[in-house]
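Here is the file query-v2.txt (compact mmCIF, C-alpha atoms).
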```txt
# COMPACT_ATOMS: atom_id res chain seq x y z
CA MET A 10 -20.22 -28.42 -18.84
CA ARG A 11 -18.45 -25.31 -17.49
CA ARG A 12 -15.70 -25.72 -20.09
CA ALA A 13 -18.27 -25.95 -22.87
CA LEU A 14 -19.94 -22.75 -21.69
CA VAL A 15 -16.57 -20.94 -21.64
CA LEU A 16 -15.85 -22.12 -25.22
CA LEU A 17 -19.28 -20.96 -26.38
CA ALA A 18 -18.69 -17.55 -24.76
CA ALA A 19 -15.32 -17.23 -26.46
CA LEU A 20 -16.87 -18.17 -29.85
CA ALA A 21 -19.60 -15.57 -29.37
CA SER A 22 -16.96 -12.96 -28.59
CA LEU A 23 -15.06 -13.76 -31.81
CA LEU A 24 -18.20 -13.62 -33.90
CA ALA A 25 -18.93 -10.19 -32.44
CA GLY A 26 -15.52 -8.97 -33.56
CA THR A 27 -14.06 -8.71 -30.07
CA THR A 28 -11.12 -10.39 -28.41
CA ALA A 29 -10.80 -11.98 -25.01
CA PRO A 30 -9.52 -9.61 -22.33
CA ALA A 31 -5.93 -9.76 -21.15
CA LEU A 32 -5.14 -10.94 -17.63
CA ALA A 33 -6.79 -8.40 -15.37
CA THR A 34 -5.72 -7.22 -11.98
CA ASP A 35 -7.75 -8.61 -9.12
CA ARG A 36 -10.66 -6.26 -8.61
CA PRO A 37 -13.14 -6.45 -5.74
CA LEU A 38 -16.32 -8.41 -6.17
CA PRO A 39 -19.22 -6.27 -7.37
CA LEU A 40 -21.02 -4.57 -4.54
CA PRO A 41 -24.71 -3.72 -4.37
CA GLN A 42 -24.09 0.04 -4.71
CA PRO A 43 -22.72 1.61 -7.92
CA VAL A 44 -19.18 2.93 -7.89
CA GLU A 45 -19.00 6.71 -8.14
CA PRO A 46 -16.89 7.96 -11.03
CA GLY A 47 -13.41 8.98 -9.91
CA PRO A 48 -11.46 12.07 -10.97
CA TYR A 49 -10.31 10.30 -14.12
CA ALA A 50 -13.72 9.09 -15.26
CA ALA A 51 -13.56 11.29 -18.37
CA ASP A 52 -10.12 9.91 -19.27
CA PRO A 53 -10.24 6.27 -20.42
CA ALA A 54 -6.57 5.80 -19.47
CA GLY A 55 -6.90 7.55 -16.12
CA PRO A 56 -4.27 7.14 -13.44
CA TYR A 57 -3.44 3.64 -14.73
CA ALA A 58 -2.12 4.87 -18.07
CA ALA A 59 1.23 3.45 -19.11
CA PRO A 60 4.12 5.47 -17.70
CA PRO A 61 5.76 7.97 -20.04
CA ALA A 62 8.74 6.95 -22.12
CA PRO A 63 11.88 6.69 -19.98
CA GLY A 64 14.05 9.80 -19.92
CA SER A 65 17.60 10.40 -18.89
CA ARG A 66 17.03 8.83 -15.47
CA ALA A 67 16.05 5.47 -16.93
CA ALA A 68 19.68 4.39 -17.22
CA ALA A 69 19.74 3.99 -13.42
CA PRO A 70 18.93 0.60 -11.88
CA GLU A 71 15.18 0.18 -11.99
CA GLY A 72 14.80 -1.64 -8.69
CA PRO A 73 11.86 -3.97 -8.14
CA ARG A 74 10.18 -4.75 -11.44
CA GLY A 75 7.95 -7.32 -13.06
CA ASP A 76 4.31 -8.14 -12.50
CA PRO A 77 4.00 -9.15 -8.82
CA ARG A 78 1.10 -11.45 -9.72
CA GLU A 79 3.63 -13.74 -11.36
CA GLU A 80 5.05 -14.32 -7.88
CA GLY A 81 1.67 -14.99 -6.27
CA ALA A 82 0.52 -11.48 -5.34
CA ARG A 83 -3.06 -10.24 -5.61
CA VAL A 84 -3.21 -6.80 -7.23
CA PHE A 85 -5.95 -4.22 -6.77
CA GLN A 86 -6.60 -1.17 -8.93
CA GLY A 87 -8.89 1.47 -7.55
CA LYS A 88 -9.49 3.93 -4.73
CA ALA A 89 -8.73 3.19 -1.09
CA PHE A 90 -8.92 5.04 2.17
CA ASP A 91 -6.95 4.66 5.38
CA THR A 92 -7.91 5.80 8.85
CA CYS A 93 -6.25 5.52 12.25
CA VAL A 94 -8.62 2.99 13.81
CA ALA A 95 -10.09 0.18 11.73
CA PRO A 96 -13.82 1.05 11.43
CA SER A 97 -16.54 -1.22 12.74
CA TYR A 98 -18.06 -3.85 10.48
CA ASP A 99 -21.29 -1.82 10.31
CA THR A 100 -19.37 1.23 9.11
CA MET A 101 -17.50 -0.81 6.52
CA ARG A 102 -20.83 -2.17 5.31
CA ALA A 103 -22.28 1.35 5.12
CA TRP A 104 -19.22 2.50 3.18
CA THR A 105 -19.91 0.09 0.36
CA ASP A 106 -21.86 3.16 -0.82
CA SER A 107 -18.59 4.94 -1.61
CA PRO A 108 -15.99 5.16 -4.38
CA TYR A 109 -13.49 3.18 -2.28
CA ARG A 110 -12.92 -0.55 -2.53
CA GLY A 111 -9.63 -0.76 -0.61
CA VAL A 112 -8.83 0.09 3.00
CA GLY A 113 -5.51 0.67 4.75
CA VAL A 114 -5.36 -0.91 8.22
CA TYR A 115 -2.67 -0.34 10.83
CA ILE A 116 -1.76 -3.82 11.99
CA GLY A 117 1.12 -3.05 14.36
CA GLY A 118 4.40 -1.33 15.15
CA ARG A 119 5.62 0.60 18.17
CA GLY A 120 5.03 3.92 16.40
CA ARG A 121 1.39 3.23 15.55
CA ALA A 122 -0.67 6.32 16.43
CA CYS A 123 -3.73 4.26 17.43
CA PRO A 124 -2.47 1.16 19.22
CA GLU A 125 -5.96 0.31 20.44
CA GLN A 126 -7.80 -1.40 17.58
CA PRO A 127 -11.01 -2.83 19.06
CA ASN A 128 -12.40 -3.95 15.71
CA LEU A 129 -9.28 -5.34 14.09
CA ASP A 130 -9.09 -9.11 14.45
CA ARG A 131 -9.20 -12.17 12.24
CA ARG A 132 -13.00 -12.17 12.10
CA TRP A 133 -13.13 -8.48 11.06
CA VAL A 134 -10.62 -9.18 8.30
CA SER A 135 -12.70 -12.08 7.02
CA ASP A 136 -16.03 -10.27 7.30
CA VAL A 137 -15.01 -7.05 5.55
CA SER A 138 -13.25 -9.06 2.85
CA GLU A 139 -16.54 -10.84 2.19
CA LEU A 140 -18.09 -7.40 1.67
CA GLY A 141 -15.62 -6.90 -1.18
CA TRP A 142 -12.98 -4.79 0.57
CA ARG A 143 -9.30 -5.21 -0.30
CA LEU A 144 -6.89 -4.69 2.60
CA LEU A 145 -3.61 -2.75 2.66
CA PRO A 146 -1.79 -3.70 5.90
CA LEU A 147 0.37 -0.90 7.38
CA TYR A 148 3.08 -1.29 10.04
CA VAL A 149 4.31 1.84 11.86
CA GLY A 150 7.61 0.82 13.40
CA SER A 151 10.70 2.78 14.38
CA GLN A 152 11.08 6.16 12.74
CA ALA A 153 14.03 8.07 11.27
CA PRO A 154 16.34 9.77 13.80
CA CYS A 155 15.52 13.08 12.10
CA VAL A 156 11.75 12.54 11.88
CA HIS A 157 9.87 15.83 11.60
CA ALA A 158 6.77 15.02 13.68
CA GLU A 159 7.39 15.57 17.37
CA ARG A 160 4.89 12.86 18.30
CA LYS A 161 7.04 10.30 16.44
CA ARG A 162 10.36 11.22 18.09
CA PRO A 163 9.94 8.75 20.96
CA TYR A 164 10.23 6.02 18.30
CA ALA A 165 13.31 7.41 16.57
CA LEU A 166 16.09 5.01 15.60
CA ASP A 167 19.61 5.27 16.89
CA SER A 168 22.70 4.38 14.87
CA ASP A 169 23.41 1.19 16.84
CA ASP A 170 22.86 -1.51 14.20
CA PRO A 171 19.65 -0.18 12.59
CA ARG A 172 19.60 -3.05 10.10
CA ARG A 173 19.27 -5.59 12.88
CA ARG A 174 16.50 -3.48 14.37
CA GLY A 175 14.78 -3.53 10.98
CA VAL A 176 15.03 -7.33 10.83
CA ARG A 177 13.41 -7.66 14.27
CA GLU A 178 10.57 -5.32 13.37
CA GLY A 179 10.09 -6.97 10.00
CA ARG A 180 9.66 -10.28 11.81
CA ASP A 181 7.10 -8.68 14.11
CA ALA A 182 5.24 -7.17 11.16
CA VAL A 183 4.82 -10.60 9.58
CA ALA A 184 3.74 -12.08 12.92
CA GLN A 185 1.01 -9.44 13.21
CA ALA A 186 -0.11 -10.17 9.65
CA ARG A 187 -0.27 -13.89 10.36
CA GLU A 188 -2.31 -13.26 13.50
CA LEU A 189 -4.93 -11.55 11.34
CA GLY A 190 -5.04 -14.48 8.93
CA LEU A 191 -3.07 -12.85 6.11
CA ALA A 192 -1.37 -15.45 3.96
CA ALA A 193 1.96 -15.62 2.15
CA ASN A 194 2.35 -13.18 -0.76
CA SER A 195 0.37 -10.55 1.14
CA PRO A 196 2.02 -7.13 1.37
CA VAL A 197 2.98 -5.28 4.53
CA TYR A 198 3.64 -1.55 4.13
CA LEU A 199 6.22 0.10 6.40
CA ASP A 200 5.02 3.57 7.43
CA MET A 201 7.97 5.96 7.72
CA GLU A 202 6.84 9.51 8.47
CA ALA A 203 8.57 12.52 6.89
CA TYR A 204 12.19 13.14 7.85
CA ASP A 205 15.23 15.16 6.76
CA GLU A 206 16.61 12.98 3.97
CA ASP A 207 19.44 15.48 3.39
CA ASP A 208 20.91 14.68 6.82
CA ALA A 209 23.53 12.14 5.72
CA GLN A 210 23.86 10.23 9.00
CA CYS A 211 20.10 10.12 9.51
CA ALA A 212 19.53 8.97 5.93
CA ARG A 213 22.13 6.21 6.27
CA THR A 214 20.64 4.93 9.54
CA THR A 215 17.11 5.04 8.14
CA LEU A 216 18.03 3.24 4.92
CA GLU A 217 19.77 0.44 6.81
CA PHE A 218 16.64 -0.02 8.91
CA ILE A 219 14.43 -0.10 5.79
CA GLN A 220 16.74 -2.64 4.13
CA GLY A 221 16.74 -4.91 7.18
CA TRP A 222 12.96 -4.67 7.49
CA SER A 223 12.36 -5.35 3.80
CA SER A 224 14.77 -8.27 3.60
CA GLU A 225 13.14 -10.00 6.59
CA VAL A 226 9.57 -9.43 5.38
CA ARG A 227 10.59 -10.83 1.99
CA ARG A 228 12.36 -13.82 3.59
CA LEU A 229 9.13 -14.63 5.40
CA ASP A 230 7.19 -14.77 2.12
CA ARG A 231 5.47 -11.40 2.36
CA ILE A 232 5.80 -8.42 0.05
CA PRO A 233 7.61 -5.45 1.65
CA GLY A 234 6.11 -2.06 0.82
CA PHE A 235 7.10 1.43 1.91
CA TYR A 236 4.97 4.47 2.72
CA SER A 237 6.36 7.99 3.15
CA SER A 238 6.11 11.55 1.94
CA ALA A 239 6.98 11.99 -1.74
CA THR A 240 9.30 14.85 -0.79
CA SER A 241 11.04 12.97 2.01
CA GLY A 242 11.25 9.19 2.37
CA VAL A 243 10.29 8.50 -1.24
CA VAL A 244 12.94 10.89 -2.56
CA HIS A 245 15.44 9.11 -0.30
CA LEU A 246 14.33 5.68 -1.52
CA GLU A 247 14.62 6.79 -5.13
CA ARG A 248 18.18 8.01 -4.56
CA ALA A 249 19.02 4.63 -3.04
CA ARG A 250 17.51 2.85 -6.03
CA GLU A 251 19.49 4.98 -8.47
CA ALA A 252 22.65 4.16 -6.50
CA GLY A 253 21.92 0.44 -6.84
CA ALA A 254 21.18 -0.22 -3.16
CA PRO A 255 19.99 -3.78 -2.41
CA ASP A 256 17.07 -4.96 -0.29
CA LEU A 257 14.70 -2.14 -1.13
CA PRO A 258 10.91 -2.48 -0.72
CA ASP A 259 8.93 -3.98 -3.60
CA VAL A 260 6.12 -1.40 -3.57
CA VAL A 261 6.18 2.35 -2.96
CA TRP A 262 3.28 4.30 -1.41
CA PHE A 263 3.90 8.02 -1.81
CA ALA A 264 2.04 10.85 -0.11
CA ARG A 265 1.59 14.00 -2.16
CA TRP A 266 -1.56 15.87 -1.28
CA GLU A 267 -1.53 18.63 -3.86
CA GLY A 268 -2.43 18.00 -7.49
CA PRO A 269 -4.36 15.19 -9.16
CA ALA A 270 -4.44 11.54 -8.16
CA SER A 271 -1.81 10.08 -10.45
CA LEU A 272 0.29 6.95 -10.22
CA HIS A 273 2.72 7.80 -13.01
CA ASP A 274 3.31 11.55 -12.81
CA GLU A 275 5.14 11.59 -9.48
CA PRO A 276 8.27 13.78 -9.97
CA ALA A 277 10.15 12.01 -7.16
CA LEU A 278 10.14 8.72 -9.10
CA ALA A 279 11.65 7.79 -12.43
CA PRO A 280 9.02 6.55 -14.91
CA GLY A 281 10.25 2.95 -14.88
CA ALA A 282 10.79 2.67 -11.15
CA TRP A 283 8.48 0.39 -9.15
CA GLN A 284 6.51 -0.83 -12.15
CA PRO A 285 4.13 -2.44 -12.92
CA HIS A 286 1.49 -2.71 -10.17
CA ARG A 287 3.88 -1.42 -7.50
CA ARG A 288 2.58 2.08 -6.70
CA ILE A 289 0.06 3.78 -4.42
CA HIS A 290 -0.56 7.52 -4.35
CA GLN A 291 -1.99 9.10 -1.22
CA TYR A 292 -3.43 12.20 -2.85
CA GLU A 293 -5.51 13.70 -0.03
CA GLY A 294 -5.24 13.60 3.74
CA ASN A 295 -7.24 14.31 6.88
CA VAL A 296 -10.56 14.79 5.11
CA ARG A 297 -14.01 13.95 6.44
CA ARG A 298 -16.16 11.74 4.25
CA THR A 299 -19.67 10.45 4.89
CA TYR A 300 -21.27 7.43 3.21
CA GLY A 301 -24.27 5.42 4.32
CA GLY A 302 -24.78 7.83 7.21
CA ARG A 303 -21.31 7.09 8.68
CA THR A 304 -18.56 9.75 8.84
CA LEU A 305 -14.82 9.03 9.03
CA LEU A 306 -11.64 11.13 9.00
CA VAL A 307 -9.57 9.53 6.23
CA ASP A 308 -6.68 9.77 3.83
CA GLU A 309 -7.50 9.00 0.19
CA ASN A 310 -5.39 6.83 -2.09
CA MET A 311 -5.18 5.68 -5.69
CA VAL A 312 -3.93 2.10 -5.79
CA ASP A 313 -2.29 -0.16 -8.34
CA ALA A 314 -0.51 -2.56 -6.02
CA PRO A 315 -0.66 -5.80 -4.03
CA VAL A 316 -3.31 -6.28 -1.36
CA ALA A 317 -3.78 -8.87 1.38
CA ILE A 318 -4.54 -12.52 0.66
CA LEU A 319 -6.53 -14.39 3.29
CA ARG A 320 -5.65 -17.86 4.49
```
Give the structure from this file in structure tokens form.
Amino acid sequence: MRRALVLLAALASLLAGTTAPALATDRPLPLPQPVEPGPYAADPAGPYAAPPAPGSRAAAPEGPRGDPREEGARVFQGKAFDTCVAPSYDTMRAWTDSPYRGVGVYIGGRGRACPEQPNLDRRWVSDVSELGWRLLPLYVGSQAPCVHAERKRPYALDSDDPRRRGVREGRDAVAQARELGLAANSPVYLDMEAYDEDDAQCARTTLEFIQGWSSEVRRLDRIPGFYSSATSGVVHLERAREAGAPDLPDVVWFARWEGPASLHDEPALAPGAWQPHRRIHQYEGNVRRTYGGRTLLVDENMVDAPVAILR
């Protein structure tokens, strides 16, 4: 019966002069409140427009490519917020009256700014997912030896086998994801705060850590992602990609707070790098937003990338 209804719907579409839609990215289930128009509402292409034609940089190795859905990922396109402590269920329910449909959650790591997460457990993950939220798991592990933020210096790497350290922390990141009920093909995003990428020794140590972390997360059937400043860690990662470095993350999450929310106009990245569905732009940070009578201090993101899959 269901098959017959699908065939009738397809026939009606043809008679109306339309065609069936292409495979769509996984979008959240409709929520009871309307979605507010984003900054690209007047532009049909918006931030998801195809990247510009490759320029002179396109001859470099393009790094991770291909549609991650073909390897089992679930992709979300839309706005997301992240905040230090996972909000309560009631707040997440109130925030269905918002333009966001994704949420970044800090699942672990010794450098996590808010280690106490009273709301974040397997039940919270399940309950907010049922509300239609898509989850972006973040892991704040060891930081670069030349990290800028003083509060992150206690977690700085040393040069004693940083790759092995990355492997250990990658294993821990996947363990934390499993504890929350996140299944294989879910992403985990490594949060690496801004550092001096022009310091050669620091850059080498940091890259080896990132490679070890990414290779272990990938070996354990998760998708390694990487968050950092567009003018710091992302520039460094792009240089590594252009040099043909192996074991790089599959998704890049770049923070650039000035200018519009755009996934394809980031000057630190070549047009073909980390495409398709492999980018997140954090376009605003430390802003207060109120929806449904609940106020949070958040960072705002435009997403076209993998999100968590529940067991």
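Selecting by distance to (0.5, 1.6, -1.4) with a limit of 8 Å and using only C-alpha atoms, one obtains Leu145, Tyr198, Gly234, Phe235, Tyr236, Val260, Val261, Trp262, Phe263, Arg287, Arg288, Ile289, His290, Gln291, Asn310, Val312, Asp313, Ala314 and Pro315 of chain A.
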Written selection (C-alpha atoms) as an mmCIF file, in the frame of the given file:
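Contents of the output file result-v3.cif:
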```cif
data_model
loop_
_atom_site.group_PDB
_atom_site.id
_atom_site.type_symbol
_atom_site.label_atom_id
_atom_site.label_comp_id
_atom_site.auth_asym_id
_atom_site.auth_seq_id
_atom_site.Cartn_x
_atom_site.Cartn_y
_atom_site.Cartn_z
ATOM 1 C CA LEU A 145 -3.610 -2.750 2.660
ATOM 2 C CA TYR A 198 3.640 -1.550 4.130
ATOM 3 C CA GLY A 234 6.110 -2.060 0.820
ATOM 4 C CA PHE A 235 7.100 1.430 1.910
ATOM 5 C CA TYR A 236 4.970 4.470 2.720
ATOM 6 C CA VAL A 260 6.120 -1.400 -3.570
ATOM 7 C CA VAL A 261 6.180 2.350 -2.960
ATOM 8 C CA TRP A 262 3.280 4.300 -1.410
ATOM 9 C CA PHE A 263 3.900 8.020 -1.810
ATOM 10 C CA ARG A 287 3.880 -1.420 -7.500
ATOM 11 C CA ARG A 288 2.580 2.080 -6.700
ATOM 12 C CA ILE A 289 0.060 3.780 -4.420
ATOM 13 C CA HIS A 290 -0.560 7.520 -4.350
ATOM 14 C CA GLN A 291 -1.990 9.100 -1.220
ATOM 15 C CA ASN A 310 -5.390 6.830 -2.090
ATOM 16 C CA VAL A 312 -3.930 2.100 -5.790
ATOM 17 C CA ASP A 313 -2.290 -0.160 -8.340
ATOM 18 C CA ALA A 314 -0.510 -2.560 -6.020
ATOM 19 C CA PRO A 315 -0.660 -5.800 -4.030
#
```
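Compared by their closest atoms to Gly120 in chain A, and using only C-alpha atoms, the residues A:Leu306, A:Leu216, A:Leu147, A:Met101 rank with A:Leu147 nearest.
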TODO: Using only C-alpha atoms, find the one residue out of A:Pro73, A:Gly141, A:Gly179, A:Gly87 that sits nearest to Arg102 in chain A.
DONE: A:Gly141
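Distance annotation: of A:Ala103, A:Ala209, A:Val149, A:Ala193, the residue with the minimal separation from Lys161 in chain A is A:Val149; atom set is all atoms listed in the file.
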TODO: Could you give me, as a PyMOL selection string, the residues within 8 Å of Thr215 in chain A, counting all atoms listed in the file and dropping anything in the same chain fewer than 2 positions from it?
DONE: chain A and resi 152-154+166+171+211-213+217-219
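Between CA of Gln86 in chain A and CA of His286 in chain A the interatomic distance comes to 8.3 Å.
Each of A:Met311, A:Leu129, A:Leu191, A:Ala254 was compared to Tyr292 in chain A using all atoms listed in the file, and A:Met311 turns out to be the nearest.
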- [ ] Within 7 Å of (-9.0, -4.8, 6.0) (coordinates as in the file), grab all the protein and nucleic acid residues, counting all atoms listed in the file, and write them out as a VMD selection string.
- [x] chain A and resid 112 to 114 134 137 to 138 142 to 145
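One distance worth recording is that between CA of Pro124 in chain A and CA of Glu225 in chain A, which is 23.0 Å.
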Open item on the list: Using all atoms listed in the file for the distances, tell me which of A:Arg131, A:Phe90, A:Gly221, A:Asp230 is nearest to Val296 in chain A.
Closed with: A:Phe90
Can I get range 270-293 of chain A with N, CA and C atoms filled in, as a compact mmCIF listing (two decimals), keeping the file's coordinate frame?
```
# COMPACT_ATOMS: atom_id res chain seq x y z
N ALA A 270 -4.79 12.91 -8.54
CA ALA A 270 -4.44 11.54 -8.16
C ALA A 270 -3.82 10.84 -9.36
N SER A 271 -2.51 10.67 -9.32
CA SER A 271 -1.81 10.08 -10.45
C SER A 271 -0.76 9.10 -9.96
N LEU A 272 -0.69 7.95 -10.59
CA LEU A 272 0.29 6.95 -10.22
C LEU A 272 1.59 7.07 -11.01
N HIS A 273 1.56 7.78 -12.12
CA HIS A 273 2.72 7.80 -13.01
C HIS A 273 3.34 9.18 -13.20
N ASP A 274 2.78 10.21 -12.62
CA ASP A 274 3.31 11.55 -12.81
C ASP A 274 4.06 12.06 -11.58
N GLU A 275 4.45 11.18 -10.69
CA GLU A 275 5.14 11.59 -9.48
C GLU A 275 6.58 12.01 -9.80
N PRO A 276 6.93 13.30 -9.59
CA PRO A 276 8.27 13.78 -9.97
C PRO A 276 9.40 13.17 -9.15
N ALA A 277 9.09 12.61 -7.98
CA ALA A 277 10.15 12.01 -7.16
C ALA A 277 10.61 10.66 -7.69
N LEU A 278 9.84 10.07 -8.61
CA LEU A 278 10.14 8.72 -9.10
C LEU A 278 10.41 8.73 -10.60
N ALA A 279 11.41 7.98 -11.01
CA ALA A 279 11.65 7.79 -12.43
C ALA A 279 10.49 6.99 -13.04
N PRO A 280 10.18 7.22 -14.31
CA PRO A 280 9.02 6.55 -14.91
C PRO A 280 9.03 5.03 -14.78
N GLY A 281 10.20 4.41 -14.91
CA GLY A 281 10.25 2.95 -14.88
C GLY A 281 10.42 2.35 -13.51
N ALA A 282 10.53 3.19 -12.48
CA ALA A 282 10.79 2.67 -11.15
C ALA A 282 9.51 2.15 -10.50
N TRP A 283 9.62 1.00 -9.82
CA TRP A 283 8.48 0.39 -9.15
C TRP A 283 7.30 0.25 -10.10
N GLN A 284 7.50 -0.56 -11.12
CA GLN A 284 6.51 -0.83 -12.15
C GLN A 284 6.60 -2.31 -12.53
N PRO A 285 5.52 -2.92 -12.98
CA PRO A 285 4.13 -2.44 -12.92
C PRO A 285 3.46 -2.89 -11.62
N HIS A 286 2.33 -2.33 -11.32
CA HIS A 286 1.49 -2.71 -10.17
C HIS A 286 2.26 -2.62 -8.85
N ARG A 287 3.05 -1.56 -8.70
CA ARG A 287 3.88 -1.42 -7.50
C ARG A 287 3.80 0.00 -6.93
N ARG A 288 2.69 0.70 -7.17
CA ARG A 288 2.58 2.08 -6.70
C ARG A 288 1.22 2.37 -6.07
N ILE A 289 1.27 3.22 -5.04
CA ILE A 289 0.06 3.78 -4.42
C ILE A 289 0.31 5.26 -4.21
N HIS A 290 -0.66 6.07 -4.54
CA HIS A 290 -0.56 7.52 -4.35
C HIS A 290 -1.59 7.96 -3.31
N GLN A 291 -1.11 8.45 -2.20
CA GLN A 291 -1.99 9.10 -1.22
C GLN A 291 -2.13 10.56 -1.65
N TYR A 292 -3.28 10.89 -2.20
CA TYR A 292 -3.43 12.20 -2.85
C TYR A 292 -4.21 13.21 -2.01
N GLU A 293 -4.77 12.79 -0.90
CA GLU A 293 -5.51 13.70 -0.03
C GLU A 293 -5.43 13.15 1.38
```
